[in-house]
Amino acid sequence: MNNPTLLTTEELSTRIKYDARTIRNQLKDSVLLEGVHYFRPFGGRKILYIWEKILEDMQKVTPAAKSDFSIPMAAGGTYRG
């Protein structure tokens, strides 16, 4: 990827309309992965997010979303009638 758009947590927050705390506490390391969606330049504390990777993953359609009809089940699966 040539010249990716690098964003701080606050800048990413503005783009995806999530609070910066939500990004830090809930999305980072569960949905946003180090080495894929973000990195720490020079091994420091600062985090820079790669906008193009995040946008690409946000636009993916999940298998459940493709289905015309599905019912979420208690055990975490889905029933497709």
# chains A, B, ... in the order shown; residues from 1 in each chain; ligands from 1
>>> select_by_dssp(residues="chain A", states="alpha helix (DSSP H)", output="compact mmCIF listing (two decimals) with N, CA and C atoms, in the first residue's frame")
# COMPACT_ATOMS: atom_id res chain seq x y z
N THR A 9 -6.09 8.10 17.23
CA THR A 9 -7.36 7.57 17.75
C THR A 9 -8.46 8.63 17.64
N GLU A 10 -8.14 9.86 17.92
CA GLU A 10 -9.13 10.93 17.86
C GLU A 10 -9.60 11.18 16.43
N GLU A 11 -8.68 11.14 15.47
CA GLU A 11 -9.05 11.33 14.07
C GLU A 11 -9.91 10.17 13.56
N LEU A 12 -9.55 8.95 13.96
CA LEU A 12 -10.35 7.79 13.58
C LEU A 12 -11.74 7.89 14.19
N SER A 13 -11.81 8.34 15.42
CA SER A 13 -13.08 8.52 16.11
C SER A 13 -14.03 9.42 15.32
N THR A 14 -13.50 10.49 14.79
CA THR A 14 -14.30 11.42 13.99
C THR A 14 -14.81 10.76 12.71
N ARG A 15 -13.96 9.95 12.07
CA ARG A 15 -14.34 9.34 10.80
C ARG A 15 -15.37 8.23 10.94
N ILE A 16 -15.24 7.40 11.99
CA ILE A 16 -16.16 6.27 12.10
C ILE A 16 -17.29 6.52 13.09
N ALA A 20 -13.63 7.97 21.09
CA ALA A 20 -12.23 7.53 21.17
C ALA A 20 -12.03 6.49 22.26
N ARG A 21 -12.75 6.62 23.38
CA ARG A 21 -12.64 5.63 24.46
C ARG A 21 -13.15 4.26 24.01
N THR A 22 -14.20 4.24 23.20
CA THR A 22 -14.74 2.98 22.68
C THR A 22 -13.71 2.31 21.79
N TRP A 51 -6.17 3.91 7.80
CA TRP A 51 -7.54 4.15 7.40
C TRP A 51 -8.01 3.19 6.30
N GLU A 52 -7.21 2.97 5.29
CA GLU A 52 -7.64 2.13 4.16
C GLU A 52 -7.95 0.70 4.60
N LYS A 53 -7.17 0.15 5.52
CA LYS A 53 -7.43 -1.21 6.03
C LYS A 53 -8.71 -1.25 6.84
N ILE A 54 -8.93 -0.24 7.66
CA ILE A 54 -10.14 -0.19 8.48
C ILE A 54 -11.36 -0.04 7.59
N LEU A 55 -11.30 0.84 6.63
CA LEU A 55 -12.43 1.05 5.71
C LEU A 55 -12.74 -0.22 4.93
N GLU A 56 -11.71 -0.89 4.47
CA GLU A 56 -11.88 -2.14 3.72
C GLU A 56 -12.63 -3.18 4.57
N ASP A 57 -12.23 -3.34 5.82
CA ASP A 57 -12.88 -4.31 6.69
C ASP A 57 -14.29 -3.88 7.10
N MET A 58 -14.52 -2.59 7.26
CA MET A 58 -15.85 -2.10 7.62
C MET A 58 -16.85 -2.36 6.50
N PRO A 63 -21.46 -13.06 6.33
CA PRO A 63 -22.35 -14.08 5.80
C PRO A 63 -23.79 -13.93 6.28
N ALA A 64 -23.99 -13.57 7.55
CA ALA A 64 -25.35 -13.39 8.07
C ALA A 64 -26.05 -12.23 7.39
N ALA A 65 -25.32 -11.19 7.03
CA ALA A 65 -25.93 -10.03 6.38
C ALA A 65 -26.36 -10.34 4.95
N LYS A 66 -25.73 -11.32 4.32
CA LYS A 66 -26.09 -11.68 2.95
C LYS A 66 -27.41 -12.44 2.88
>>> select_by_dssp(residues="chain A", states="strand (DSSP E or B)", output="JSON, numbers by chain")
{"A": [6, 7, 28, 32, 34, 38, 39, 48, 49, 50, 71, 72, 78, 79]}
>>> write_last_selection(atoms="N, CA and C atoms", output="CSV table (one decimal), in the first residue's frame")
chain,number,residue,atom,x,y,z
A,6,LEU,N,-2.7,7.7,7.7
A,6,LEU,CA,-2.5,7.3,9.1
A,6,LEU,C,-3.3,8.3,10.0
A,7,LEU,N,-4.0,7.7,10.9
A,7,LEU,CA,-4.9,8.5,11.8
A,7,LEU,C,-4.6,8.2,13.3
A,28,LYS,N,-10.0,-1.9,19.8
A,28,LYS,CA,-8.6,-2.2,19.7
A,28,LYS,C,-8.3,-3.5,20.3
A,32,LEU,N,-10.0,-4.2,15.7
A,32,LEU,CA,-8.8,-3.5,15.1
A,32,LEU,C,-7.6,-4.2,15.7
A,34,GLU,N,-3.4,-5.1,15.8
A,34,GLU,CA,-2.1,-4.5,15.6
A,34,GLU,C,-1.4,-5.3,14.5
A,38,TYR,N,-3.5,-1.2,12.8
A,38,TYR,CA,-2.8,-0.1,13.4
A,38,TYR,C,-1.4,-0.6,13.7
A,39,PHE,N,-0.5,0.3,14.1
A,39,PHE,CA,0.9,0.0,14.5
A,39,PHE,C,1.4,1.1,15.4
A,48,LEU,N,-1.0,4.6,15.5
A,48,LEU,CA,-1.5,5.2,14.3
A,48,LEU,C,-2.3,4.1,13.6
A,49,TYR,N,-3.5,4.5,13.2
A,49,TYR,CA,-4.4,3.6,12.5
A,49,TYR,C,-4.3,3.8,11.0
A,50,ILE,N,-4.4,2.7,10.3
A,50,ILE,CA,-4.3,2.7,8.8
A,50,ILE,C,-5.8,2.7,8.3
A,71,ILE,N,-32.2,-16.1,11.9
A,71,ILE,CA,-32.7,-15.9,13.3
A,71,ILE,C,-31.5,-16.2,14.2
A,72,PRO,N,-31.0,-15.2,15.0
A,72,PRO,CA,-29.9,-15.4,15.9
A,72,PRO,C,-30.3,-16.4,17.0
A,78,THR,N,-26.7,-19.0,13.9
A,78,THR,CA,-27.9,-18.5,13.3
A,78,THR,C,-28.7,-19.6,12.6
A,79,TYR,N,-30.0,-19.4,12.6
A,79,TYR,CA,-30.9,-20.4,11.9
A,79,TYR,C,-31.3,-19.7,10.6
>>> closest_residue(among="A:Tyr18, A:Thr5, A:Asn25, A:Ala74", to="His37 (chain A)", atoms="only C-alpha atoms")
A:Thr5
>>> atom_distance(atom1="CA of Arg24 (chain A)", atom2="CA of Arg40 (chain A)")
13.7 Å
>>> atom_distance(atom1="CA of Ile47 (chain A)", atom2="CA of Thr8 (chain A)")
6.5 Å
>>> atom_distance(atom1="CA of Ile23 (chain A)", atom2="CA of Met73 (chain A)")
27.5 Å
